[in-house]
Structure formats: structure tokens, C-alpha cells
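Source file: my_file-v7.pdb (PDB, C-alpha atoms)
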```
ATOM      1  CA  MET L 283      50.172  24.432  83.310
ATOM      2  CA  THR L 284      47.457  23.331  85.732
ATOM      3  CA  LYS L 285      45.037  20.504  85.092
ATOM      4  CA  ASN L 286      42.119  22.979  85.202
ATOM      5  CA  ASN L 287      43.694  25.058  82.424
ATOM      6  CA  VAL L 288      44.164  21.964  80.256
ATOM      7  CA  LEU L 289      40.525  20.947  80.821
ATOM      8  CA  LYS L 290      39.435  24.474  79.959
ATOM      9  CA  GLY L 291      41.500  24.293  76.759
ATOM     10  CA  VAL L 292      39.973  20.911  75.844
ATOM     11  CA  PHE L 293      36.494  22.371  76.383
ATOM     12  CA  LEU L 294      37.223  25.435  74.199
ATOM     13  CA  VAL L 295      38.840  23.451  71.352
ATOM     14  CA  GLY L 296      36.054  20.868  71.534
ATOM     15  CA  LEU L 297      33.390  23.587  71.197
ATOM     16  CA  GLY L 298      35.272  25.123  68.275
ATOM     17  CA  ALA L 299      35.509  21.761  66.487
ATOM     18  CA  THR L 300      31.823  21.073  67.168
ATOM     19  CA  SER L 301      30.956  24.458  65.669
ATOM     20  CA  TYR L 302      32.914  23.696  62.477
ATOM     21  CA  GLY L 303      31.297  20.266  62.314
ATOM     22  CA  MET L 304      27.810  21.784  62.137
ATOM     23  CA  LEU L 305      28.660  24.170  59.297
ATOM     24  CA  ALA L 306      28.315  21.909  56.226
ATOM     25  CA  THR L 307      24.843  20.726  57.274
ATOM     26  CA  PHE L 308      23.639  24.330  57.565
ATOM     27  CA  VAL L 309      25.046  25.076  54.095
ATOM     28  CA  LYS L 310      23.245  22.039  52.655
ATOM     29  CA  MET L 311      19.991  23.227  54.281
ATOM     30  CA  ALA L 312      20.497  26.689  52.744
ATOM     31  CA  TYR L 313      20.937  25.009  49.338
ATOM     32  CA  GLY L 314      17.643  23.222  49.966
ATOM     33  CA  GLU L 315      15.953  26.629  50.203
ATOM     34  CA  GLY L 316      17.316  27.649  46.816
ATOM     35  CA  PHE L 317      20.327  29.731  47.833
ATOM     36  CA  THR L 318      23.497  29.477  45.726
ATOM     37  CA  THR L 319      27.144  28.913  46.701
ATOM     38  CA  PRO L 320      28.089  32.577  45.931
ATOM     39  CA  GLU L 321      25.203  33.788  48.127
ATOM     40  CA  VAL L 322      26.104  31.462  50.998
ATOM     41  CA  THR L 323      29.833  32.271  50.981
ATOM     42  CA  THR L 324      29.309  36.020  50.540
ATOM     43  CA  ALA L 325      26.895  36.258  53.482
ATOM     44  CA  GLN L 326      29.202  34.164  55.674
ATOM     45  CA  PHE L 327      32.281  36.293  54.965
ATOM     46  CA  VAL L 328      30.495  39.662  55.195
ATOM     47  CA  TYR L 329      29.087  38.870  58.630
ATOM     48  CA  GLY L 330      32.360  37.222  59.633
ATOM     49  CA  LEU L 331      34.320  40.376  58.768
ATOM     50  CA  LEU L 332      31.853  42.567  60.686
ATOM     51  CA  GLY L 333      32.037  40.271  63.714
ATOM     52  CA  LEU L 334      35.842  40.178  63.811
ATOM     53  CA  LEU L 335      36.045  43.936  63.204
ATOM     54  CA  LEU L 336      33.835  44.548  66.271
ATOM     55  CA  ILE L 337      35.960  42.144  68.340
ATOM     56  CA  ASN L 338      39.144  43.964  67.289
ATOM     57  CA  LEU L 339      37.645  47.369  68.144
ATOM     58  CA  PHE L 340      36.544  46.031  71.539
ATOM     59  CA  GLN L 341      40.014  44.646  72.285
ATOM     60  CA  LYS L 342      41.672  47.883  71.186
ATOM     61  CA  ALA L 343      39.394  49.927  73.480
ATOM     62  CA  LYS L 344      39.896  47.538  76.392
ATOM     63  CA  LYS L 345      43.668  46.930  76.176
ATOM     64  CA  ARG L 346      44.683  50.158  74.399
ATOM     65  CA  ASN L 347      48.484  50.117  74.035
ATOM     66  CA  GLU L 348      48.873  46.431  74.948
ATOM     67  CA  VAL L 349      47.725  45.150  71.533
ATOM     68  CA  VAL L 350      50.558  44.790  68.980
ATOM     69  CA  LYS L 351      49.483  46.595  65.821
ATOM     70  CA  ALA L 352      50.041  44.741  62.544
ATOM     71  CA  SER L 353      52.400  46.481  60.104
ATOM     72  CA  LYS L 354      51.527  46.992  56.422
ATOM     73  CA  LYS L 355      53.833  44.067  55.596
ATOM     74  CA  ASN L 356      52.081  41.867  58.189
ATOM     75  CA  ILE L 357      48.662  42.813  56.798
ATOM     76  CA  GLY L 358      49.743  41.970  53.245
ATOM     77  CA  GLN L 359      51.209  38.607  54.351
ATOM     78  CA  LEU L 360      48.095  37.686  56.342
ATOM     79  CA  MET L 361      45.736  38.660  53.514
ATOM     80  CA  LEU L 362      47.767  36.571  51.071
ATOM     81  CA  ALA L 363      47.681  33.638  53.500
ATOM     82  CA  GLY L 364      43.934  34.125  53.875
ATOM     83  CA  THR L 365      43.255  33.581  50.174
ATOM     84  CA  SER L 366      43.487  29.827  50.804
ATOM     85  CA  LEU L 367      40.788  30.266  53.459
ATOM     86  CA  GLY L 368      38.447  31.624  50.797
ATOM     87  CA  MET L 369      39.356  28.815  48.400
ATOM     88  CA  THR L 370      38.617  26.220  51.106
ATOM     89  CA  SER L 371      35.084  27.554  51.598
ATOM     90  CA  ILE L 372      34.420  27.667  47.853
ATOM     91  CA  PHE L 373      35.693  24.134  47.169
ATOM     92  CA  TYR L 374      34.062  22.625  50.273
ATOM     93  CA  TYR L 375      30.664  24.234  49.703
ATOM     94  CA  LEU L 376      30.685  23.278  46.029
ATOM     95  CA  ALA L 377      31.625  19.698  46.971
ATOM     96  CA  ILE L 378      28.534  19.233  49.149
ATOM     97  CA  LYS L 379      26.349  20.111  46.163
ATOM     98  CA  TYR L 380      27.486  16.851  44.531
ATOM     99  CA  ILE L 381      28.224  14.477  47.429
ATOM    100  CA  PRO L 382      26.777  13.864  50.914
ATOM    101  CA  VAL L 383      28.043  16.022  53.799
ATOM    102  CA  SER L 384      29.300  12.893  55.582
ATOM    103  CA  ILE L 385      31.567  12.112  52.602
ATOM    104  CA  ALA L 386      32.700  15.727  52.108
ATOM    105  CA  ILE L 387      33.940  16.045  55.704
ATOM    106  CA  ILE L 388      35.899  12.779  55.331
ATOM    107  CA  LEU L 389      37.591  14.175  52.215
ATOM    108  CA  LEU L 390      38.365  17.397  54.090
ATOM    109  CA  MET L 391      40.074  15.338  56.818
ATOM    110  CA  GLN L 392      42.650  14.216  54.246
ATOM    111  CA  THR L 393      44.580  17.199  55.607
ATOM    112  CA  VAL L 394      46.155  14.614  57.946
ATOM    113  CA  TRP L 395      48.302  13.055  55.211
ATOM    114  CA  MET L 396      48.465  16.227  53.106
ATOM    115  CA  GLY L 397      50.049  18.022  56.069
ATOM    116  CA  VAL L 398      52.745  15.335  56.251
ATOM    117  CA  LEU L 399      53.343  15.673  52.493
ATOM    118  CA  PHE L 400      53.545  19.481  52.711
ATOM    119  CA  GLU L 401      56.022  19.212  55.579
ATOM    120  CA  MET L 402      58.169  16.756  53.617
ATOM    121  CA  ILE L 403      58.248  18.944  50.467
ATOM    122  CA  LEU L 404      58.449  22.447  51.962
ATOM    123  CA  GLU L 405      60.579  21.762  55.024
ATOM    124  CA  LYS L 406      62.452  18.754  53.605
ATOM    125  CA  LYS L 407      61.549  16.644  56.651
ATOM    126  CA  ILE L 408      61.461  12.854  56.325
ATOM    127  CA  PRO L 409      58.214  11.642  57.967
ATOM    128  CA  SER L 410      58.645   9.588  61.135
ATOM    129  CA  THR L 411      57.413   5.990  61.337
ATOM    130  CA  GLN L 412      54.609   7.269  63.563
ATOM    131  CA  LYS L 413      53.393   9.682  60.865
ATOM    132  CA  ILE L 414      53.691   7.085  58.092
ATOM    133  CA  ILE L 415      51.558   4.650  60.128
ATOM    134  CA  SER L 416      49.014   7.448  60.722
ATOM    135  CA  VAL L 417      48.825   8.221  57.007
ATOM    136  CA  LEU L 418      48.244   4.553  56.136
ATOM    137  CA  ILE L 419      45.475   4.322  58.752
ATOM    138  CA  VAL L 420      43.859   7.488  57.334
ATOM    139  CA  LEU L 421      43.866   6.036  53.823
ATOM    140  CA  ILE L 422      42.347   2.740  55.016
ATOM    141  CA  GLY L 423      39.810   4.666  57.123
ATOM    142  CA  THR L 424      38.897   6.845  54.141
ATOM    143  CA  ALA L 425      38.322   3.793  51.917
ATOM    144  CA  LEU L 426      35.939   2.404  54.554
ATOM    145  CA  ALA L 427      34.272   5.708  55.481
ATOM    146  CA  THR L 428      33.479   6.594  51.865
ATOM    147  CA  ASN L 429      32.103   3.061  51.367
ATOM    148  CA  LEU L 430      34.491   2.258  48.495
ATOM    149  CA  ILE L 431      34.526  -1.419  49.480
ATOM    150  CA  GLU L 432      30.784  -2.079  49.195
ATOM    151  CA  ASN L 433      30.535   0.571  46.469
ATOM    152  CA  LYS L 434      26.735   0.557  46.491
ATOM    153  CA  VAL L 435      26.509   4.309  45.932
ATOM    154  CA  THR L 436      28.243   5.960  42.990
ATOM    155  CA  LEU L 437      29.816   9.216  44.127
ATOM    156  CA  ASP L 438      29.912  12.164  41.740
ATOM    157  CA  TRP L 439      33.548  12.632  40.701
ATOM    158  CA  ARG L 440      33.101  16.416  40.790
ATOM    159  CA  GLY L 441      32.340  16.269  44.496
ATOM    160  CA  ILE L 442      35.367  14.066  45.169
ATOM    161  CA  VAL L 443      37.733  16.386  43.251
ATOM    162  CA  LEU L 444      36.293  19.490  44.942
ATOM    163  CA  GLY L 445      36.504  17.827  48.366
ATOM    164  CA  LEU L 446      40.188  17.010  47.847
ATOM    165  CA  LEU L 447      40.850  20.551  46.583
ATOM    166  CA  ALA L 448      39.190  21.858  49.772
ATOM    167  CA  ALA L 449      41.505  19.648  51.832
ATOM    168  CA  THR L 450      44.543  20.967  49.922
ATOM    169  CA  SER L 451      43.472  24.581  50.509
ATOM    170  CA  PHE L 452      42.771  23.885  54.188
ATOM    171  CA  THR L 453      46.213  22.308  54.606
ATOM    172  CA  THR L 454      47.759  25.425  53.046
ATOM    173  CA  THR L 455      45.770  27.613  55.474
ATOM    174  CA  MET L 456      46.997  25.627  58.488
ATOM    175  CA  PHE L 457      50.615  25.866  57.344
ATOM    176  CA  THR L 458      50.527  29.616  56.690
ATOM    177  CA  ALA L 459      48.434  30.441  59.782
ATOM    178  CA  ASN L 460      51.123  29.009  62.063
ATOM    179  CA  ARG L 461      53.990  30.805  60.316
ATOM    180  CA  VAL L 462      52.811  34.283  59.271
ATOM    181  CA  ALA L 463      52.907  37.289  61.658
ATOM    182  CA  THR L 464      52.537  35.110  64.763
ATOM    183  CA  HIS L 465      53.399  38.077  67.060
ATOM    184  CA  VAL L 466      50.169  39.840  66.058
ATOM    185  CA  SER L 467      47.034  39.282  68.180
ATOM    186  CA  PRO L 468      44.803  36.325  67.150
ATOM    187  CA  ALA L 469      41.836  38.650  66.525
ATOM    188  CA  GLN L 470      43.851  40.816  64.113
ATOM    189  CA  ARG L 471      45.343  37.794  62.368
ATOM    190  CA  SER L 472      41.871  36.282  61.925
ATOM    191  CA  LEU L 473      40.488  39.581  60.593
ATOM    192  CA  TYR L 474      43.189  40.131  57.957
ATOM    193  CA  MET L 475      43.212  36.486  56.857
ATOM    194  CA  LEU L 476      39.437  36.618  56.506
ATOM    195  CA  LEU L 477      39.783  39.841  54.495
ATOM    196  CA  GLY L 478      42.124  38.042  52.088
ATOM    197  CA  GLY L 479      39.652  35.172  51.849
ATOM    198  CA  ALA L 480      36.791  37.621  51.266
ATOM    199  CA  ILE L 481      38.506  39.032  48.162
ATOM    200  CA  ILE L 482      38.526  35.514  46.674
ATOM    201  CA  ILE L 483      34.909  34.946  47.732
ATOM    202  CA  PHE L 484      33.647  38.226  46.260
ATOM    203  CA  GLY L 485      35.529  37.601  43.010
ATOM    204  CA  PHE L 486      34.012  34.108  42.832
ATOM    205  CA  ALA L 487      30.518  35.497  43.475
ATOM    206  CA  ILE L 488      30.821  38.164  40.758
ATOM    207  CA  ALA L 489      32.157  35.620  38.234
ATOM    208  CA  THR L 490      29.672  32.797  38.884
ATOM    209  CA  GLN L 491      26.361  34.264  40.108
ATOM    210  CA  THR L 492      24.155  34.075  37.010
ATOM    211  CA  THR L 493      20.833  34.971  38.687
ATOM    212  CA  PRO L 494      19.938  38.134  40.667
ATOM    213  CA  PHE L 495      21.604  37.965  44.101
ATOM    214  CA  ASN L 496      19.104  36.846  46.753
ATOM    215  CA  PHE L 497      19.796  39.146  49.719
ATOM    216  CA  GLY L 498      17.437  37.020  51.813
ATOM    217  CA  ILE L 499      20.487  34.858  52.628
ATOM    218  CA  PHE L 500      21.656  37.614  55.009
ATOM    219  CA  MET L 501      18.468  37.338  57.043
ATOM    220  CA  LYS L 502      18.003  33.559  56.961
ATOM    221  CA  TRP L 503      21.420  31.878  57.071
ATOM    222  CA  GLY L 504      24.164  34.517  56.949
ATOM    223  CA  ILE L 505      24.570  35.109  60.701
ATOM    224  CA  VAL L 506      24.397  31.380  61.506
ATOM    225  CA  LEU L 507      27.041  30.508  58.891
ATOM    226  CA  ALA L 508      29.321  33.357  60.015
ATOM    227  CA  LEU L 509      29.053  32.435  63.693
ATOM    228  CA  PHE L 510      29.690  28.718  63.199
ATOM    229  CA  GLY L 511      32.242  29.127  60.395
ATOM    230  CA  THR L 512      34.244  32.345  60.695
ATOM    231  CA  VAL L 513      33.776  33.848  64.170
ATOM    232  CA  ILE L 514      33.321  31.254  66.935
ATOM    233  CA  PRO L 515      35.821  28.518  65.847
ATOM    234  CA  PRO L 516      38.900  30.765  65.331
ATOM    235  CA  LEU L 517      38.307  32.557  68.644
ATOM    236  CA  LEU L 518      37.831  29.289  70.558
ATOM    237  CA  PHE L 519      40.826  27.630  68.873
ATOM    238  CA  ASN L 520      43.045  30.662  69.544
ATOM    239  CA  ALA L 521      42.005  30.598  73.206
ATOM    240  CA  GLY L 522      42.099  26.808  73.608
ATOM    241  CA  PHE L 523      45.220  25.642  71.734
ATOM    242  CA  PRO L 524      47.692  27.542  73.976
ATOM    243  CA  LEU L 525      46.176  25.704  76.975
ATOM    244  CA  THR L 526      46.093  22.224  75.421
ATOM    245  CA  GLY L 527      49.186  22.344  73.214
ATOM    246  CA  ILE L 528      49.146  21.416  69.514
ATOM    247  CA  GLY L 529      49.139  17.643  70.090
ATOM    248  CA  LEU L 530      46.158  17.395  72.471
ATOM    249  CA  GLY L 531      44.377  20.238  70.670
ATOM    250  CA  SER L 532      44.638  18.417  67.324
ATOM    251  CA  ILE L 533      43.174  15.264  68.871
ATOM    252  CA  VAL L 534      40.248  17.146  70.418
ATOM    253  CA  SER L 535      39.624  19.081  67.168
ATOM    254  CA  ALA L 536      38.990  15.719  65.459
ATOM    255  CA  LEU L 537      35.525  15.972  67.068
ATOM    256  CA  GLU L 538      34.607  17.902  63.920
ATOM    257  CA  LEU L 539      34.392  14.644  61.975
ATOM    258  CA  PRO L 540      31.799  12.695  64.055
ATOM    259  CA  VAL L 541      29.799  15.882  64.760
ATOM    260  CA  SER L 542      29.526  16.642  61.042
ATOM    261  CA  VAL L 543      28.466  13.080  60.228
ATOM    262  CA  LEU L 544      25.911  13.008  63.071
ATOM    263  CA  MET L 545      24.453  16.367  62.020
ATOM    264  CA  ALA L 546      24.062  15.080  58.450
ATOM    265  CA  TYR L 547      22.515  11.859  59.784
ATOM    266  CA  PHE L 548      19.905  13.563  61.990
ATOM    267  CA  LEU L 549      19.090  16.730  59.997
ATOM    268  CA  LEU L 550      19.661  15.586  56.404
ATOM    269  CA  ASN L 551      18.796  11.884  56.817
ATOM    270  CA  GLU L 552      22.109  10.806  55.262
ATOM    271  CA  LYS L 553      22.707   7.080  55.765
ATOM    272  CA  VAL L 554      25.929   5.982  57.481
ATOM    273  CA  ASN L 555      26.511   2.239  57.913
ATOM    274  CA  ALA L 556      28.665   0.352  60.420
ATOM    275  CA  ILE L 557      31.634   0.025  58.015
ATOM    276  CA  GLN L 558      31.628   3.786  57.437
ATOM    277  CA  TRP L 559      31.557   4.453  61.190
ATOM    278  CA  PHE L 560      34.526   2.099  61.597
ATOM    279  CA  GLY L 561      36.379   4.089  58.922
ATOM    280  CA  ILE L 562      35.611   7.337  60.770
ATOM    281  CA  VAL L 563      36.956   5.824  64.006
ATOM    282  CA  LEU L 564      40.159   4.807  62.156
ATOM    283  CA  ILE L 565      40.678   8.385  60.884
ATOM    284  CA  ILE L 566      40.292   9.753  64.426
ATOM    285  CA  LEU L 567      42.666   7.034  65.695
ATOM    286  CA  ALA L 568      45.241   8.129  63.099
ATOM    287  CA  ILE L 569      45.016  11.737  64.348
ATOM    288  CA  VAL L 570      45.559  10.494  67.917
ATOM    289  CA  ILE L 571      48.572   8.362  66.899
ATOM    290  CA  MET L 572      50.100  11.263  64.964
ATOM    291  CA  ASN L 573      49.863  13.660  67.918
ATOM    292  CA  VAL L 574      50.730  11.444  70.902
ATOM    293  CA  ASN L 575      54.338  11.412  72.045
ATOM    294  CA  PHE L 576      54.838   7.727  72.804
ATOM    295  CA  LYS L 577      58.484   8.205  73.822
ATOM    296  CA  LYS L 578      57.645  10.645  76.592
ATOM    297  CA  GLN L 579      56.323   8.108  79.053
ATOM    298  CA  ASN L 580      57.710   7.659  82.556
TER     299      ASN L 580
END
```

Once more with this new file: its structure as C-alpha cells, please.
Amino acid sequence: MTKNNVLKGVFLVGLGATSYGMLATFVKMAYGEGFTTPEVTTAQFVYGLLGLLLINLFQKAKKRNEVVKASKKNIGQLMLAGTSLGMTSIFYYLAIKYIPVSIAIILLMQTVWMGVLFEMILEKKIPSTQKIISVLIVLIGTALATNLIENKVTLDWRGIVLGLLAATSFTTTMFTANRVATHVSPAQRSLYMLLGGAIIIFGFAIATQTTPFNFGIFMKWGIVLALFGTVIPPLLFNAGFPLTGIGLGSIVSALELPVSVLMAYFLLNEKVNAIQWFGIVLIILAIVIMNVNFKKQN
């Protein structure tokens, strides 16, 4: 793999992470205009499905017989795996109704230690010393980043619980995404997983929307949310990760955390003090430690 390819991969993964990092701030701004969580999630997934469907049709027309077609079993597996994608959006978007975006993204990043826990339970793997150290750093960083030490601001417990549920769902998505129908093209996998997530989203919208659905969300925020949340990041990650490798790609994708906090700081006027920034740096450091192979040094 050439250096130029690696740099290209870093650029693509970095853009994807930056895109994800902007998402929560846009959702919070949509809330400020009176739109509800069911309206926001529905618009995002509808446009996301349309976007990925067009991309799949374009690839099929361009490559014709080269694209591996997903079987009925593959489609069912991917849709089932995608249900956690829908749950992540619901929990995450509900969380930012109760807590600041800068806190919600920190809770979402708890996937670092949750991933280690999942691996230990599901694959019966004892975590390495490197991973244990990373987990401890994440926990310390989280305590600082959420300002638990100074404790000047009382966080709504509903937001904290929902943020942790979002992290659990996101961890599940990452595990299943790397194990289900991996021979199928990334565009098809993204489409069917999103379709599974959409079923959860539409069910949630029907069950919880108590006022008439405001279709204005499709004109104002729908396309923006779909682009930054369900179309651009998966495509960039699928193109970038093979060039960077999982380790370097995971480190670069940590850009999502500072981007999200900075967006909330500049567009939502959320206050972030020096201790919180230090906590954020510790979380990113933990991701670096977890993904660097210290033994492979000549």
C-alpha cells in the first residue's frame, strides 16, 4: 500500500468523521425550530434510503455483472443488523433533548470500552493490557469531559441513560456491520442495514408522534441530516478504511468527538471548560493507544 493511498484513506475517513460530528448540532437546531424527534429521524432515513438506492442503481448500471447481488438470507441478516442503527439514532437524538450536544457525543464515545466488553462476552477474549489501560483512560476522560469533578451543572439523568443506550446500540451496529454479509458491496450493505433501521424509526414515529406530522422537516433539515448522517459517512468510511486499515482508521475517526464539541460551542453556544477539553483529549488518546501496535516497531 503506497503512502499516497494511506493519505487518501486518512482524508476520506477524516471527512466521514467530521460529517458525523456535525450531525447532533443540526438536530439540536431543528429542535429549536419546533421539529420533533420522530420528524427528524423519519426525514433523515427517508432521504438516506433514497440516496443509497440511487447510488446502488448507479453502481449496478456502471459495473453490471461485477456487483455481487445480496441473497434473501443476506438481506434479512443485514436488515436485522440495521435495527440497532435505528435504535442508535432514536436514543442519541432523544438524549440531546435533555443534555448538551458536547456531553451526548462523549457518552456516545463510550463505545470504546463497550466494544471491549462485547468482545470479551461474545468472543470470550480476555482483554489485553493495552485495551484495559485504554478503557481506564476513557473512564477518567469521561469523568473530566462531563465535568463530574466540578459538578457545577446538574445533568438530566434521562439524557445520560439515553446517551449510554445510544452507545450500546452503536457498539452493536459496529460488531454486526463487520461480521454480516461482508462479501456484499458496501452500498448494498448500507442500503439494507438502513432499511432495517428505517423500520424501527417508522414504528417509533407512529407510536410517539402525538401532533400532526410537520412535513416541513423534509424541506428544511431532511436532506442535510440524511447527507451528514446516513449517506456521506458510510460511503467515505467504506472507501477510506480499506486504505488506512482498522487501526489508523479508528484513530482518525475519533475526529468526530472534537468536531461535535466545536460545532456545539460555535453554533449552540455550549460552554466547554479547560478540564472538559482535557477529558476529551484523554478519550482520543485512549482510542490511539487501543489501535496502535506498539510491538510492531523496528

Using all atoms listed in the file, find each residue in region 319-382 of chain L having at least one atom no more than 9 Å away from region 455-470 of chain L; report its shortest atom-to-atom pair and that distance in Å (one decimal), rows by chain then rising number, as a Markdown table.
```
| residue | atom | partner | partner_atom | distance |
| --- | --- | --- | --- | --- |
| L:Leu334 | CA | L:Ala469 | CA | 6.8 |
| L:Leu335 | CA | L:Gln470 | CA | 8.5 |
| L:Ile337 | CA | L:Ala469 | CA | 7.1 |
| L:Asn338 | CA | L:Ala469 | CA | 6.0 |
| L:Gln341 | CA | L:Ala469 | CA | 8.5 |
| L:Val349 | CA | L:Ser467 | CA | 6.8 |
| L:Val350 | CA | L:Val466 | CA | 5.8 |
| L:Lys351 | CA | L:Val466 | CA | 6.8 |
| L:Ala352 | CA | L:Val466 | CA | 6.0 |
| L:Asn356 | CA | L:Ala463 | CA | 5.8 |
| L:Ile357 | CA | L:Ala463 | CA | 8.5 |
| L:Gln359 | CA | L:Val462 | CA | 6.7 |
| L:Leu360 | CA | L:Val462 | CA | 6.5 |
| L:Ala363 | CA | L:Thr458 | CA | 5.9 |
| L:Gly364 | CA | L:Thr455 | CA | 7.0 |
| L:Thr365 | CA | L:Thr455 | CA | 8.4 |
| L:Ser366 | CA | L:Thr455 | CA | 5.7 |
| L:Leu367 | CA | L:Thr455 | CA | 6.0 |
| L:Thr370 | CA | L:Thr455 | CA | 8.5 |
```

Give me the residues of region 394-503 of chain L that have any atom at most 12 Å from an atom of region 300-311 of chain L; for each, the nearest atom pair and the distance in Å, rounded to one decimal. Use only C-alpha atoms, sort by chain and number, and format it as CSV.
```
residue,atom,partner,partner_atom,distance
L:Ile499,CA,L:Val309,CA,10.9
L:Lys502,CA,L:Phe308,CA,10.8
L:Trp503,CA,L:Phe308,CA,7.9
```

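Distances from L:Val513, L:Ile565, L:Phe523, L:Ile481 to Leu336 (chain L) were compared using all atoms listed in the file, and the smallest one belongs to L:Val513.
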
Contacts of Val543 (chain L) at 10 Å (all atoms listed in the file; same-chain gap of 4+ positions) as a list in words: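 Skipping anything fewer than 4 positions along the chain leaves Gly303, Met304, Ala306, Thr307, Pro382, Val383, Ser384, Ile385, Ala386, Ile387, Ile388, Glu538, Leu539, Tyr547, Phe548, Leu550, Glu552, Lys553, Val554, Trp559 and Ile562 of chain L.
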
Close residues, Gly333 (chain L) itself excluded, 10 Å, only C-alpha atoms, min 3 positions apart in chain, as an MDAnalysis selection string: chainID L and resid 327:330 336:338 473 505 508:509 512:514

Gap from CA of Asn286 (chain L) to CA of Ile569 (chain L) - Å, one decimal: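 Distance between the two atoms: 23.9 Å.
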
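Going from CA of Thr454 (chain L) over to CA of Lys290 (chain L), you cover 28.2 Å.
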
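Nearest-residue note for Gln326 (chain L): choosing from L:Ser410, L:Val506, L:Asn573, L:Phe293, the minimum distance belongs to L:Val506, counting all atoms listed in the file.
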
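Between Ala427 (chain L) and the residues L:Leu332, L:Leu376, L:Leu389, L:Leu289, the shortest atom-to-atom distance, using only C-alpha atoms, involves L:Leu389.
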
Output check: residues returned by the PyMOL selection byres ((chain L and resi 534) around 9), as a PyMOL selection string: chain L and resi 292-293+295-296+299+529-533+535-538+570

Expected selection from the PyMOL selection byres ((chain L and resi 438) around 10), given as a compact mmCIF listing (two decimals) with C-alpha atoms, in the coordinates of the input:
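The file below, result12.txt, is the result:
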```txt
# COMPACT_ATOMS: atom_id res chain seq x y z
CA ALA L 377 31.62 19.70 46.97
CA LYS L 379 26.35 20.11 46.16
CA TYR L 380 27.49 16.85 44.53
CA ILE L 381 28.22 14.48 47.43
CA PRO L 382 26.78 13.86 50.91
CA VAL L 435 26.51 4.31 45.93
CA THR L 436 28.24 5.96 42.99
CA LEU L 437 29.82 9.22 44.13
CA TRP L 439 33.55 12.63 40.70
CA ARG L 440 33.10 16.42 40.79
CA GLY L 441 32.34 16.27 44.50
CA ILE L 442 35.37 14.07 45.17
CA VAL L 443 37.73 16.39 43.25
```

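CA of Tyr474 (chain L) lies 22.7 Å from CA of Leu294 (chain L).
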
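Nearest residue to Gly527 (chain L) among L:Ile488, L:Ala568, L:Val574, L:Val417 is L:Val574, counting all atoms listed in the file.
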
Explicit residue set for the PyMOL selection byres ((chain L and resi 423) around 10), as a ChimeraX atom specification: /L:388,417-422,424-429,557-568

Dump of C-alpha atoms for the selected residues, as a tab-separated table (two decimals), in the coordinates of the input:
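Listed below is the output, part19.tsv:
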```tsv
chain	number	residue	atom	x	y	z
L	388	ILE	CA	35.90	12.78	55.33
L	417	VAL	CA	48.82	8.22	57.01
L	418	LEU	CA	48.24	4.55	56.14
L	419	ILE	CA	45.48	4.32	58.75
L	420	VAL	CA	43.86	7.49	57.33
L	421	LEU	CA	43.87	6.04	53.82
L	422	ILE	CA	42.35	2.74	55.02
L	424	THR	CA	38.90	6.84	54.14
L	425	ALA	CA	38.32	3.79	51.92
L	426	LEU	CA	35.94	2.40	54.55
L	427	ALA	CA	34.27	5.71	55.48
L	428	THR	CA	33.48	6.59	51.86
L	429	ASN	CA	32.10	3.06	51.37
L	557	ILE	CA	31.63	0.02	58.02
L	558	GLN	CA	31.63	3.79	57.44
L	559	TRP	CA	31.56	4.45	61.19
L	560	PHE	CA	34.53	2.10	61.60
L	561	GLY	CA	36.38	4.09	58.92
L	562	ILE	CA	35.61	7.34	60.77
L	563	VAL	CA	36.96	5.82	64.01
L	564	LEU	CA	40.16	4.81	62.16
L	565	ILE	CA	40.68	8.38	60.88
L	566	ILE	CA	40.29	9.75	64.43
L	567	LEU	CA	42.67	7.03	65.69
L	568	ALA	CA	45.24	8.13	63.10
```

Let me have the centre and edge lengths in Å, one decimal, of the box along x, y and z around every listed atom of region 535-544 of chain L with 8 Å of margin on each side, as AutoDock Vina command-line options.
```
--center_x 32.8 --center_y 15.9 --center_z 63.7 --size_x 29.7 --size_y 22.4 --size_z 22.9
```

Given only C-alpha atoms as the counted atoms, nearest of L:Gly358, L:Gly479, L:Gly522, L:Pro515 to Ser371 (chain L): L:Gly479

Atoms are missing here; could region 320-331 of chain L be completed with N, CA and C atoms and written as a JSON list (two decimals), keeping the file's coordinate frame?
```
[["chain", "number", "residue", "atom", "x", "y", "z"],
["L", 320, "PRO", "N", 27.63, 31.18, 45.78],
["L", 320, "PRO", "CA", 28.09, 32.58, 45.93],
["L", 320, "PRO", "C", 27.32, 33.34, 47.02],
["L", 321, "GLU", "N", 26.01, 33.10, 47.12],
["L", 321, "GLU", "CA", 25.20, 33.79, 48.13],
["L", 321, "GLU", "C", 25.59, 33.33, 49.53],
["L", 322, "VAL", "N", 25.75, 32.03, 49.69],
["L", 322, "VAL", "CA", 26.10, 31.46, 51.00],
["L", 322, "VAL", "C", 27.47, 31.96, 51.47],
["L", 323, "THR", "N", 28.47, 31.88, 50.60],
["L", 323, "THR", "CA", 29.83, 32.27, 50.98],
["L", 323, "THR", "C", 29.94, 33.79, 51.21],
["L", 324, "THR", "N", 29.26, 34.56, 50.38],
["L", 324, "THR", "CA", 29.31, 36.02, 50.54],
["L", 324, "THR", "C", 28.72, 36.45, 51.89],
["L", 325, "ALA", "N", 27.54, 35.92, 52.21],
["L", 325, "ALA", "CA", 26.90, 36.26, 53.48],
["L", 325, "ALA", "C", 27.77, 35.85, 54.67],
["L", 326, "GLN", "N", 28.36, 34.66, 54.58],
["L", 326, "GLN", "CA", 29.20, 34.16, 55.67],
["L", 326, "GLN", "C", 30.41, 35.08, 55.91],
["L", 327, "PHE", "N", 31.07, 35.48, 54.83],
["L", 327, "PHE", "CA", 32.28, 36.29, 54.96],
["L", 327, "PHE", "C", 31.97, 37.74, 55.33],
["L", 328, "VAL", "N", 30.86, 38.28, 54.84],
["L", 328, "VAL", "CA", 30.50, 39.66, 55.20],
["L", 328, "VAL", "C", 30.22, 39.76, 56.69],
["L", 329, "TYR", "N", 29.39, 38.86, 57.20],
["L", 329, "TYR", "CA", 29.09, 38.87, 58.63],
["L", 329, "TYR", "C", 30.32, 38.51, 59.46],
["L", 330, "GLY", "N", 31.13, 37.60, 58.94],
["L", 330, "GLY", "CA", 32.36, 37.22, 59.63],
["L", 330, "GLY", "C", 33.30, 38.40, 59.80],
["L", 331, "LEU", "N", 33.47, 39.18, 58.73],
["L", 331, "LEU", "CA", 34.32, 40.38, 58.77],
["L", 331, "LEU", "C", 33.78, 41.40, 59.77]]
```
